[in-house]
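The data block below is start.txt; it holds compact mmCIF, C-alpha atoms.
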```
# COMPACT_ATOMS: atom_id res chain seq x y z
CA MET K 247 19.74 -6.64 -24.93
CA ALA K 248 21.77 -3.42 -24.95
CA SER K 249 20.17 -2.01 -21.82
CA PRO K 250 17.80 -3.45 -19.20
CA ALA K 251 14.03 -3.10 -19.63
CA VAL K 252 12.47 -1.18 -16.73
CA MET K 253 8.86 -0.98 -15.46
CA SER K 254 7.57 0.68 -12.26
CA GLN K 255 4.23 0.12 -10.57
CA TRP K 256 2.46 0.17 -7.21
CA CYS K 257 1.59 -3.23 -5.74
CA VAL K 258 -0.95 -4.12 -3.04
CA HIS K 259 -0.14 -6.50 -0.19
CA PRO K 260 -3.44 -7.28 1.57
CA HIS K 261 -1.80 -9.52 4.19
CA GLY K 262 -2.20 -8.86 7.89
CA ILE K 263 -4.85 -6.16 7.64
CA ASN K 264 -6.55 -7.27 10.86
CA PRO K 265 -5.24 -4.84 13.52
CA PHE K 266 -5.16 -7.67 16.07
CA GLY K 267 -3.33 -10.02 13.71
CA PRO K 268 0.26 -10.03 12.41
CA ARG K 269 2.37 -6.92 12.95
CA THR K 270 3.04 -6.61 9.22
CA PRO K 271 0.34 -4.21 8.03
CA GLY K 272 -1.60 -4.47 4.84
CA SER K 273 0.24 -2.08 2.60
CA VAL K 274 1.17 -0.96 -0.88
CA GLU K 275 4.63 -0.34 -2.21
CA CYS K 276 6.20 1.04 -5.35
CA VAL K 277 8.41 -1.51 -7.09
CA THR K 278 10.56 -1.27 -10.19
CA ALA K 279 11.05 -4.43 -12.24
CA VAL K 280 14.25 -4.61 -14.29
CA ALA K 281 14.99 -7.35 -16.84
CA PHE K 282 18.68 -8.13 -17.47
CA SER K 283 20.08 -10.30 -20.24
CA ARG K 284 21.46 -13.55 -18.83
CA GLU K 285 24.29 -13.36 -21.35
CA HIS K 286 25.88 -10.44 -19.48
CA GLY K 287 27.12 -12.59 -16.62
CA TYR K 288 26.42 -12.21 -12.91
CA GLN K 289 29.29 -9.87 -12.06
CA ARG K 290 28.33 -7.42 -14.79
CA ILE K 291 24.66 -7.57 -13.75
CA PHE K 292 25.59 -6.91 -10.10
CA GLY K 293 27.78 -4.04 -11.20
CA ASP K 294 24.89 -2.52 -13.15
CA VAL K 295 22.57 -2.93 -10.16
CA LEU K 296 25.06 -1.20 -7.85
CA GLY K 297 25.41 1.59 -10.38
CA MET K 298 21.62 2.08 -10.39
CA LEU K 299 21.56 2.26 -6.59
CA ARG K 300 24.44 4.77 -6.50
CA ALA K 301 22.63 6.89 -9.09
CA ALA K 302 19.60 6.88 -6.77
CA GLY K 303 21.73 8.31 -3.95
CA VAL K 304 22.46 5.11 -2.01
CA ASP K 305 25.87 4.89 -0.34
CA ALA K 306 27.26 1.57 -1.58
CA ALA K 307 29.37 1.27 1.60
CA GLY K 308 26.19 0.44 3.52
CA LEU K 309 25.11 -2.43 1.26
CA VAL K 310 24.97 -6.06 2.40
CA GLY K 311 24.26 -9.05 0.14
CA LEU K 312 22.23 -12.08 1.19
CA VAL K 313 22.38 -15.10 -1.14
CA GLU K 314 19.88 -17.89 -0.44
CA GLY K 315 19.86 -21.28 -2.11
CA ASP K 316 18.44 -24.69 -1.33
CA GLU K 317 20.64 -27.73 -0.75
CA ALA K 318 20.77 -28.58 -4.44
CA GLY K 319 21.84 -25.05 -5.34
CA CYS K 320 24.43 -24.59 -2.58
CA ASP K 321 27.47 -24.67 -4.88
CA ARG K 322 25.80 -22.32 -7.37
CA ALA K 323 24.87 -19.90 -4.58
CA THR K 324 28.48 -19.84 -3.41
CA GLY K 325 29.66 -18.97 -6.91
CA ILE K 326 27.09 -16.20 -7.26
CA ALA K 327 28.10 -14.82 -3.86
CA LYS K 328 31.71 -14.59 -5.06
CA SER K 329 30.55 -12.56 -8.08
CA LEU K 330 28.71 -10.14 -5.79
CA ALA K 331 31.65 -9.93 -3.37
CA ALA K 332 33.92 -9.08 -6.30
CA CYS K 333 31.83 -5.89 -6.68
CA GLY K 334 32.82 -4.85 -3.15
CA VAL K 335 29.65 -5.93 -1.31
CA PRO K 336 29.95 -8.07 1.87
CA VAL K 337 27.89 -11.23 1.36
CA VAL K 338 26.17 -13.76 3.63
CA VAL K 339 25.26 -17.15 2.13
CA ARG K 340 22.60 -19.31 3.75
CA GLU K 341 20.48 -22.31 2.88
CA SER K 342 16.87 -21.45 2.15
CA GLY K 343 15.52 -24.81 3.26
CA GLY K 344 12.86 -24.79 0.56
CA PRO K 345 11.29 -28.10 -0.46
CA GLU K 346 11.70 -27.43 -4.16
CA GLY K 347 14.74 -29.02 -5.77
CA GLY K 348 16.78 -27.86 -8.72
CA GLY K 349 18.88 -25.22 -7.03
CA PRO K 350 16.71 -22.08 -6.61
CA VAL K 351 18.86 -19.06 -5.77
CA LEU K 352 17.65 -15.65 -4.59
CA VAL K 353 19.93 -12.65 -4.11
CA ARG K 354 18.81 -9.85 -1.79
CA LEU K 355 20.54 -6.48 -1.50
CA LEU K 356 20.05 -4.87 1.91
CA TYR K 357 21.13 -1.56 3.42
CA ASP K 358 22.58 -1.50 6.93
CA LEU K 359 20.86 1.29 8.89
CA GLY K 360 22.75 0.99 12.17
CA ALA K 361 23.98 -1.10 15.07
CA ASP K 362 23.08 -4.74 15.70
CA CYS K 363 20.01 -5.26 17.89
CA SER K 364 21.78 -8.16 19.65
CA PRO K 365 24.87 -10.37 19.29
CA ASP K 366 22.73 -12.76 17.22
CA CYS K 367 21.54 -10.06 14.79
CA SER K 368 21.92 -11.23 11.17
CA PRO K 369 20.55 -10.41 7.70
CA GLY K 370 17.49 -12.51 8.55
CA CYS K 371 16.69 -10.50 11.69
CA LEU K 372 13.33 -8.71 11.84
CA CYS K 373 14.57 -5.78 13.96
CA GLY K 374 14.50 -3.44 10.96
CA ARG K 375 18.22 -2.72 10.98
CA LEU K 376 18.67 -4.14 7.46
CA LEU K 377 16.48 -2.41 4.90
CA PRO K 378 15.52 -4.48 1.81
CA LEU K 379 16.40 -2.68 -1.42
CA ALA K 380 16.33 -5.21 -4.24
CA GLU K 381 15.83 -8.90 -5.03
CA LEU K 382 17.26 -10.79 -8.00
CA ASP K 383 15.68 -14.17 -8.73
CA LEU K 384 18.27 -16.35 -10.45
CA THR K 385 15.99 -19.37 -10.66
CA HIS K 386 13.27 -18.35 -13.11
CA ARG K 387 14.40 -17.24 -16.53
CA HIS K 388 12.01 -15.75 -19.03
CA GLN K 389 13.23 -15.56 -22.63
CA GLY K 390 16.86 -15.45 -21.52
CA CYS K 391 16.30 -12.67 -18.96
CA LEU K 392 16.82 -12.37 -15.22
CA GLY K 393 14.36 -10.27 -13.22
CA LEU K 394 15.38 -7.70 -10.61
CA LEU K 395 12.78 -6.26 -8.24
CA VAL K 396 13.75 -2.89 -6.72
CA ARG K 397 11.79 -1.53 -3.76
CA ALA K 398 11.58 2.20 -4.44
CA GLU K 399 10.66 3.17 -0.89
CA GLY K 400 13.56 1.20 0.56
CA VAL K 401 15.98 2.82 -1.88
CA ALA K 402 14.68 6.27 -0.94
CA ALA K 403 15.02 5.50 2.78
CA ALA K 404 18.58 4.26 2.28
CA ALA K 405 19.45 7.42 0.33
CA ARG K 406 18.05 9.60 3.13
CA ALA K 407 19.93 7.58 5.76
CA GLY K 408 23.16 8.26 3.90
CA GLY K 409 22.47 11.96 3.62
CA GLY K 410 21.38 11.80 -0.03
CA ALA K 411 18.45 13.60 -1.62
CA THR K 412 15.40 11.82 -2.99
CA GLY K 413 12.15 12.91 -4.58
CA PHE K 414 10.20 9.98 -3.08
CA PRO K 415 7.93 11.00 -0.16
CA ASP K 416 8.91 9.82 3.30
CA MET K 417 6.33 7.51 4.88
CA ALA K 418 7.44 8.94 8.24
CA GLU K 419 5.63 12.19 7.40
CA LEU K 420 2.27 10.41 7.14
CA ARG K 421 3.06 8.18 10.14
CA GLU K 422 3.86 11.17 12.38
CA TRP K 423 0.67 12.94 11.30
CA VAL K 424 -1.40 9.85 12.16
CA ALA K 425 0.45 9.36 15.47
CA GLY K 426 -0.70 12.80 16.58
CA ARG K 427 -4.21 11.37 16.84
CA LEU K 428 -3.82 7.61 17.31
CA GLY K 429 -0.53 7.39 19.22
CA ASP K 430 2.76 5.81 18.22
CA ASP K 431 1.72 2.16 18.69
CA ALA K 432 -1.06 2.26 16.11
CA ALA K 433 0.42 4.85 13.75
CA ASP K 434 2.48 2.58 11.49
CA ALA K 435 -0.26 0.10 10.62
CA ALA K 436 -2.89 2.84 10.31
CA ALA K 437 -0.71 4.95 8.02
CA HIS K 438 0.02 2.00 5.74
CA ALA K 439 -3.67 1.13 5.59
CA ALA K 440 -4.58 4.74 4.77
CA ARG K 441 -2.10 4.77 1.90
CA SER K 442 -3.48 1.45 0.63
CA LEU K 443 -7.00 2.86 0.65
CA ALA K 444 -5.86 6.07 -1.06
CA LEU K 445 -4.36 3.98 -3.86
CA LEU K 446 -7.32 1.63 -4.30
CA LEU K 447 -10.01 4.31 -4.03
CA GLY K 448 -7.97 6.53 -6.34
CA LEU K 449 -7.98 3.70 -8.90
CA GLY K 450 -11.77 3.64 -8.73
CA VAL K 451 -12.20 0.46 -6.65
CA VAL K 452 -15.59 0.44 -4.93
CA PRO K 453 -15.88 -1.35 -1.55
CA GLY K 454 -17.81 -4.58 -1.99
CA PRO K 455 -18.02 -8.29 -1.20
CA ARG K 456 -15.70 -9.64 -3.92
CA GLY K 457 -12.31 -9.09 -5.56
CA ALA K 458 -10.50 -5.80 -5.06
CA GLY K 459 -13.65 -4.32 -3.52
CA HIS K 460 -13.46 -6.95 -0.78
CA VAL K 461 -9.85 -5.97 -0.02
CA VAL K 462 -10.99 -2.35 0.37
CA ARG K 463 -13.90 -3.36 2.60
CA ARG K 464 -11.66 -5.47 4.84
CA LEU K 465 -9.18 -2.61 5.15
CA VAL K 466 -11.94 -0.15 5.98
CA THR K 467 -13.54 -2.50 8.54
CA ALA K 468 -10.18 -3.13 10.22
CA GLN K 469 -9.48 0.59 10.49
CA PHE K 470 -12.99 1.39 11.76
CA THR K 471 -12.45 -1.28 14.42
CA ARG K 472 -9.13 0.29 15.37
CA LEU K 473 -10.72 3.74 15.64
CA ILE K 474 -13.80 2.66 17.60
CA THR K 475 -11.72 0.70 20.13
CA GLY K 476 -9.42 3.71 20.47
CA HIS K 477 -12.39 6.06 21.02
CA VAL K 478 -11.56 8.04 17.88
CA PRO K 479 -14.38 9.24 15.56
CA LEU K 480 -14.74 6.98 12.52
CA ASP K 481 -14.59 9.89 10.08
CA PHE K 482 -10.92 10.32 10.99
CA LEU K 483 -10.31 7.55 8.44
CA ASP K 484 -11.50 9.99 5.74
CA ASP K 485 -8.86 12.47 6.86
CA MET K 486 -6.12 9.81 6.91
CA VAL K 487 -6.93 8.62 3.40
CA CYS K 488 -7.05 12.15 1.99
CA ARG K 489 -3.80 13.01 3.76
CA ALA K 490 -2.12 9.92 2.25
CA ALA K 491 -3.39 10.96 -1.19
CA GLU K 492 -1.90 14.43 -0.72
CA VAL K 493 1.50 13.02 0.24
CA PHE K 494 1.79 10.31 -2.43
CA GLY K 495 -0.58 11.44 -5.20
CA GLY K 496 1.21 11.62 -8.55
CA VAL K 497 4.38 9.86 -7.30
CA ALA K 498 5.50 7.10 -9.68
CA GLY K 499 1.97 6.68 -11.00
CA PHE K 500 0.17 6.83 -7.64
CA PRO K 501 -3.33 8.08 -8.55
CA VAL K 502 -4.49 11.53 -7.57
CA CYS K 503 -7.44 10.86 -5.28
CA ASP K 504 -10.85 12.46 -5.79
CA ALA K 505 -11.33 13.52 -2.15
CA PRO K 506 -15.12 14.19 -2.28
CA LEU K 507 -15.76 10.83 -3.98
CA SER K 508 -13.53 8.95 -1.51
CA ARG K 509 -15.31 10.60 1.42
CA ARG K 510 -18.71 9.60 0.03
CA ARG K 511 -17.63 5.98 -0.35
CA LEU K 512 -16.13 5.90 3.14
CA HIS K 513 -19.32 7.46 4.51
CA ALA K 514 -21.35 4.66 2.94
CA GLU K 515 -19.02 2.14 4.59
CA ARG K 516 -19.44 3.92 7.96
CA VAL K 517 -23.20 3.55 7.69
CA ARG K 518 -22.85 -0.15 6.83
CA PHE K 519 -20.34 -0.69 9.64
CA GLY K 520 -22.55 1.12 12.17
CA ARG K 521 -25.51 -1.13 11.33
CA ALA K 522 -23.33 -4.25 11.56
CA VAL K 523 -21.94 -3.17 14.94
CA GLY K 524 -25.44 -2.46 16.25
CA ARG K 525 -26.66 -5.92 15.24
CA ALA K 526 -23.51 -7.54 16.61
CA ARG K 527 -23.94 -5.77 19.94
CA GLN K 528 -27.51 -7.00 20.31
CA ARG K 529 -26.49 -10.58 19.57
CA TYR K 530 -23.47 -10.26 21.87
CA VAL K 531 -25.66 -9.17 24.78
CA ARG K 532 -28.13 -11.99 24.12
CA THR K 533 -25.71 -14.86 23.39
CA VAL K 534 -22.56 -13.95 25.35
CA LEU K 535 -23.30 -11.46 28.10
CA HIS K 536 -26.62 -13.07 29.12
CA ARG K 537 -25.83 -16.61 28.00
CA PRO K 538 -27.36 -19.48 30.01
CA PRO K 539 -25.10 -21.15 32.60
CA GLY K 540 -22.87 -23.74 31.03
CA ASP K 541 -22.96 -22.27 27.53
CA ASP K 542 -19.57 -21.86 25.89
CA ALA K 543 -18.75 -18.16 25.40
CA ALA K 544 -16.02 -19.00 22.87
CA ARG K 545 -18.51 -20.88 20.72
CA ALA K 546 -20.96 -17.95 20.83
CA LEU K 547 -18.18 -15.53 19.84
CA ALA K 548 -17.17 -17.77 16.95
CA VAL K 549 -20.74 -17.70 15.68
CA LEU K 550 -20.82 -13.90 15.94
CA MET K 551 -17.63 -13.66 13.91
CA SER K 552 -18.22 -16.30 11.26
CA GLU K 553 -21.97 -15.97 10.68
CA HIS K 554 -22.71 -12.35 11.59
CA GLY K 555 -19.44 -10.61 10.64
CA ALA K 556 -18.69 -9.13 14.08
CA PRO K 557 -15.09 -7.73 14.09
CA LEU K 558 -12.76 -9.62 16.42
CA GLY K 559 -11.20 -6.43 17.76
CA LEU K 560 -14.58 -5.10 18.81
CA LEU K 561 -15.54 -8.35 20.51
CA VAL K 562 -12.25 -8.36 22.43
CA THR K 563 -12.97 -4.82 23.65
CA TRP K 564 -16.50 -5.74 24.76
CA LEU K 565 -15.22 -8.80 26.63
CA ALA K 566 -12.64 -6.70 28.47
CA ASP K 567 -15.23 -4.04 29.36
CA ASP K 568 -17.59 -6.70 30.73
CA GLY K 569 -14.91 -8.63 32.61
CA ILE K 570 -15.41 -11.84 30.62
CA VAL K 571 -12.33 -14.00 30.10
CA VAL K 572 -12.28 -16.26 27.05
CA PRO K 573 -9.06 -18.20 26.44
CA SER K 574 -7.70 -17.37 22.99
CA ARG K 575 -7.05 -21.07 22.37
CA GLU K 576 -10.70 -21.88 22.92
CA LEU K 577 -11.79 -19.08 20.59
CA ALA K 578 -9.35 -20.26 17.91
CA ARG K 579 -10.56 -23.84 18.34
CA TRP K 580 -14.14 -22.87 17.65
CA THR K 581 -13.33 -20.33 14.96
CA LEU K 582 -10.92 -22.49 12.96
CA GLY K 583 -11.80 -26.03 13.94
CA GLU K 584 -15.04 -27.26 15.33
CA ARG K 585 -17.29 -24.70 13.63
CA SER K 586 -15.96 -25.91 10.27
CA SER K 587 -16.53 -29.51 11.35
CA GLU K 588 -20.09 -28.70 12.41
CA ARG K 589 -20.90 -27.06 9.07
CA ALA K 590 -19.39 -30.01 7.18
CA SER K 591 -21.42 -32.46 9.28
CA GLY K 592 -24.55 -30.43 8.62
CA ARG K 593 -24.00 -30.61 4.86
CA ARG K 594 -23.46 -34.37 5.01
CA GLY K 595 -26.54 -34.79 7.17
CA GLY K 596 -28.62 -32.72 4.76
```
I need this file expressed as structure tokens, please.
Amino acid sequence: MASPAVMSQWCVHPHGINPFGPRTPGSVECVTAVAFSREHGYQRIFGDVLGMLRAAGVDAAGLVGLVEGDEAGCDRATGIAKSLAACGVPVVVRESGGPEGGGPVLVRLLYDLGADCSPDCSPGCLCGRLLPLAELDLTHRHQGCLGLLVRAEGVAAAARAGGGATGFPDMAELREWVAGRLGDDAADAAAHAARSLALLLGLGVVPGPRGAGHVVRRLVTAQFTRLITGHVPLDFLDDMVCRAAEVFGGVAGFPVCDAPLSRRRLHAERVRFGRAVGRARQRYVRTVLHRPPGDDAARALAVLMSEHGAPLGLLVTWLADDGIVVPSRELARWTLGERSSERASGRRGG
């Protein structure tokens, strides 16, 4: 292969889209996949990768390498780290601890944004100091090629941090616009969700109960819950999605959103959400607020969530407003454990 094959696309990460769940928001990102010939050798491949990053405006002096390998691949990881260090990049080698044998090795290129958050700060720290730029999987080989995954947004952020110019929009612009209405704490997750919805709706995905439509519906429901608990009108989600489409539309294949169509689809979801909330409130009053003495509130909440689709965030807000304390462990026990056991027992009994 005379030159690497390159392909760019936007990818969806639907993890953590519950606003009361993990801090990592459901998001989309632009990635560039590059296929290198294995015959070139690691040092040449690393040199080509560094050249690509420099061409994108990244100051190579801020780069840090992280080489991860399991116990079987420890020696190989050390050799690969030496090849990367020979290109002038400081490298940290650590054991991945994965259960799979055979010596899997993953190389990550990170950009150091600033000072350590603590004396124990390392390339594995989640403080945000080290920005992920690229990953090279040296385990899986397809037709003699090695695959490099470049995170376009991380590269653009690193270029800006080093004073370089980039044509990729800054997510901070959308985040600051959202923070003006929702506040700083909720702005990051809400902005990422708005961009995800702008991408999916721009691609023609219709909210629904299955597949990609279900991802859209979950995102919309989570954001409606965030807005209603923050006392913000639900139609602000329309504005966020359209704003995200304005910022990112046309960038690296990001679809140009049809604003009127997106607003109509979000309006239909608002109507559906409003009906669901109304029904959930009635059942909440009957089964939780006015429950008979001795009844388990956690069990009633689990039924509302699992069988009637009541959003957890909304239920938490109602409980706080009504002064009802339900231990989170009890709610998790009924939601994840005994309710499943009850349904399984019911099927066996039937």
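For K:Ala543, the set of protein, DNA and RNA residues having any atom at most 10 Å away, when counting all atoms listed in the file and skipping those fewer than 5 positions along the same chain, is Tyr530, Thr533, Val534, Leu535, Arg537, Pro538, Ala548, Val549, Ile570, Val571, Val572, Pro573, Glu576 and Leu577 of chain K.
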Go ahead and save the picked residues with C-alpha atoms, as a PDB file, keeping the file's coordinate frame.
```pdb
ATOM      1  CA  TYR K 530     -23.470 -10.260  21.870  1.00  0.00           C
ATOM      2  CA  THR K 533     -25.710 -14.860  23.390  1.00  0.00           C
ATOM      3  CA  VAL K 534     -22.560 -13.950  25.350  1.00  0.00           C
ATOM      4  CA  LEU K 535     -23.300 -11.460  28.100  1.00  0.00           C
ATOM      5  CA  ARG K 537     -25.830 -16.610  28.000  1.00  0.00           C
ATOM      6  CA  PRO K 538     -27.360 -19.480  30.010  1.00  0.00           C
ATOM      7  CA  ALA K 548     -17.170 -17.770  16.950  1.00  0.00           C
ATOM      8  CA  VAL K 549     -20.740 -17.700  15.680  1.00  0.00           C
ATOM      9  CA  ILE K 570     -15.410 -11.840  30.620  1.00  0.00           C
ATOM     10  CA  VAL K 571     -12.330 -14.000  30.100  1.00  0.00           C
ATOM     11  CA  VAL K 572     -12.280 -16.260  27.050  1.00  0.00           C
ATOM     12  CA  PRO K 573      -9.060 -18.200  26.440  1.00  0.00           C
ATOM     13  CA  GLU K 576     -10.700 -21.880  22.920  1.00  0.00           C
ATOM     14  CA  LEU K 577     -11.790 -19.080  20.590  1.00  0.00           C
TER      15      LEU K 577
END
```
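Relative to atom CA of K:Gln255, atom CA of K:Ala302 is found at 17.2 Å.
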Please report the interatomic distance between atom CA of K:Ala307 and atom CA of K:Leu330 in Å with one decimal. 13.6 Å
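Closest approach to K:Arg300 among K:Leu376, K:Ala490, K:Val401, K:Leu395: K:Val401, based on all atoms listed in the file.
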List the neighbours of K:Val313 out to 8 Å using only C-alpha atoms; skip same-chain residues closer than 2 positions along the sequence, and give me the result as an mmCIF file with C-alpha atoms, in the frame of the given file.
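Just written: part38.cif:
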```
data_model
loop_
_atom_site.group_PDB
_atom_site.id
_atom_site.type_symbol
_atom_site.label_atom_id
_atom_site.label_comp_id
_atom_site.auth_asym_id
_atom_site.auth_seq_id
_atom_site.Cartn_x
_atom_site.Cartn_y
_atom_site.Cartn_z
ATOM 1 C CA GLY K 311 24.260 -9.050 0.140
ATOM 2 C CA GLY K 315 19.860 -21.280 -2.110
ATOM 3 C CA ALA K 323 24.870 -19.900 -4.580
ATOM 4 C CA ILE K 326 27.090 -16.200 -7.260
ATOM 5 C CA ALA K 327 28.100 -14.820 -3.860
ATOM 6 C CA VAL K 337 27.890 -11.230 1.360
ATOM 7 C CA VAL K 338 26.170 -13.760 3.630
ATOM 8 C CA VAL K 339 25.260 -17.150 2.130
ATOM 9 C CA ARG K 340 22.600 -19.310 3.750
ATOM 10 C CA VAL K 351 18.860 -19.060 -5.770
ATOM 11 C CA LEU K 352 17.650 -15.650 -4.590
ATOM 12 C CA VAL K 353 19.930 -12.650 -4.110
ATOM 13 C CA ARG K 354 18.810 -9.850 -1.790
#
```
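Put simply, atom CA of K:Val258 is 14.8 Å away from atom CA of K:Val466.
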May I have the protein, DNA and RNA residues with an atom at most 12 Å from (-0.6, 6.3, 13.5), counting only C-alpha atoms in the file's coordinates, returned as a ChimeraX atom specification? /K:271,417-441,469,472-473,476,478,482-483,486,490
Write the residues of the preceding selection, restricted to C-alpha atoms, as a compact mmCIF listing (two decimals), in the frame of the given file.
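Output file again.txt is given in full below:
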```txt
# COMPACT_ATOMS: atom_id res chain seq x y z
CA PRO K 271 0.34 -4.21 8.03
CA MET K 417 6.33 7.51 4.88
CA ALA K 418 7.44 8.94 8.24
CA GLU K 419 5.63 12.19 7.40
CA LEU K 420 2.27 10.41 7.14
CA ARG K 421 3.06 8.18 10.14
CA GLU K 422 3.86 11.17 12.38
CA TRP K 423 0.67 12.94 11.30
CA VAL K 424 -1.40 9.85 12.16
CA ALA K 425 0.45 9.36 15.47
CA GLY K 426 -0.70 12.80 16.58
CA ARG K 427 -4.21 11.37 16.84
CA LEU K 428 -3.82 7.61 17.31
CA GLY K 429 -0.53 7.39 19.22
CA ASP K 430 2.76 5.81 18.22
CA ASP K 431 1.72 2.16 18.69
CA ALA K 432 -1.06 2.26 16.11
CA ALA K 433 0.42 4.85 13.75
CA ASP K 434 2.48 2.58 11.49
CA ALA K 435 -0.26 0.10 10.62
CA ALA K 436 -2.89 2.84 10.31
CA ALA K 437 -0.71 4.95 8.02
CA HIS K 438 0.02 2.00 5.74
CA ALA K 439 -3.67 1.13 5.59
CA ALA K 440 -4.58 4.74 4.77
CA ARG K 441 -2.10 4.77 1.90
CA GLN K 469 -9.48 0.59 10.49
CA ARG K 472 -9.13 0.29 15.37
CA LEU K 473 -10.72 3.74 15.64
CA GLY K 476 -9.42 3.71 20.47
CA VAL K 478 -11.56 8.04 17.88
CA PHE K 482 -10.92 10.32 10.99
CA LEU K 483 -10.31 7.55 8.44
CA MET K 486 -6.12 9.81 6.91
CA ALA K 490 -2.12 9.92 2.25
```
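Distance check against K:Leu394 using all atoms listed in the file: of K:Val295, K:Val497, K:Leu480, K:Cys257, the minimum falls on K:Val295.
Closest approach to K:Asp542 from the set K:Leu561, K:Ala380, K:Asp481, K:Arg579 is made by K:Arg579, with distances taken over only C-alpha atoms.
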As a VMD selection string, please: the residues near K:Thr563 (cut-off 8 Å, all atoms listed in the file, same-chain neighbours under 4 positions excluded). chain K and resid 475 559 567
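Counting all atoms listed in the file, the residue from K:Leu446, K:Ala556, K:Ala544, K:Val461 that sits nearest to K:Val502 is K:Leu446.
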Using all atoms of stretch 567-578 of chain K listed in the file and a margin of 5 Å per side, can you give the axis-aligned box centre and edge lengths in Å to one decimal, as JSON?
```
{"center_x": -12.3, "center_y": -13.0, "center_z": 25.3, "size_x": 20.5, "size_y": 27.8, "size_z": 24.7}
```
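Of the residues under consideration (K:Ser254, K:Gln528, K:Thr467, K:Thr412), K:Ser254 shows the shortest atom-to-atom contact distance to K:Phe500 when counting only C-alpha atoms.
Among the candidates K:Ala404, K:Leu507, K:Val274, K:Ala522, the one nearest to K:Asp484 when counting only C-alpha atoms is K:Leu507.
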Can you tell me which residues surround K:Gly334 at a distance of at most 12 Å, considering only C-alpha atoms, apart from same-chain residues fewer than 2 positions away, and format the answer as a PyMOL selection string? chain K and resi 289+292-293+296+306-311+327-332+336-337
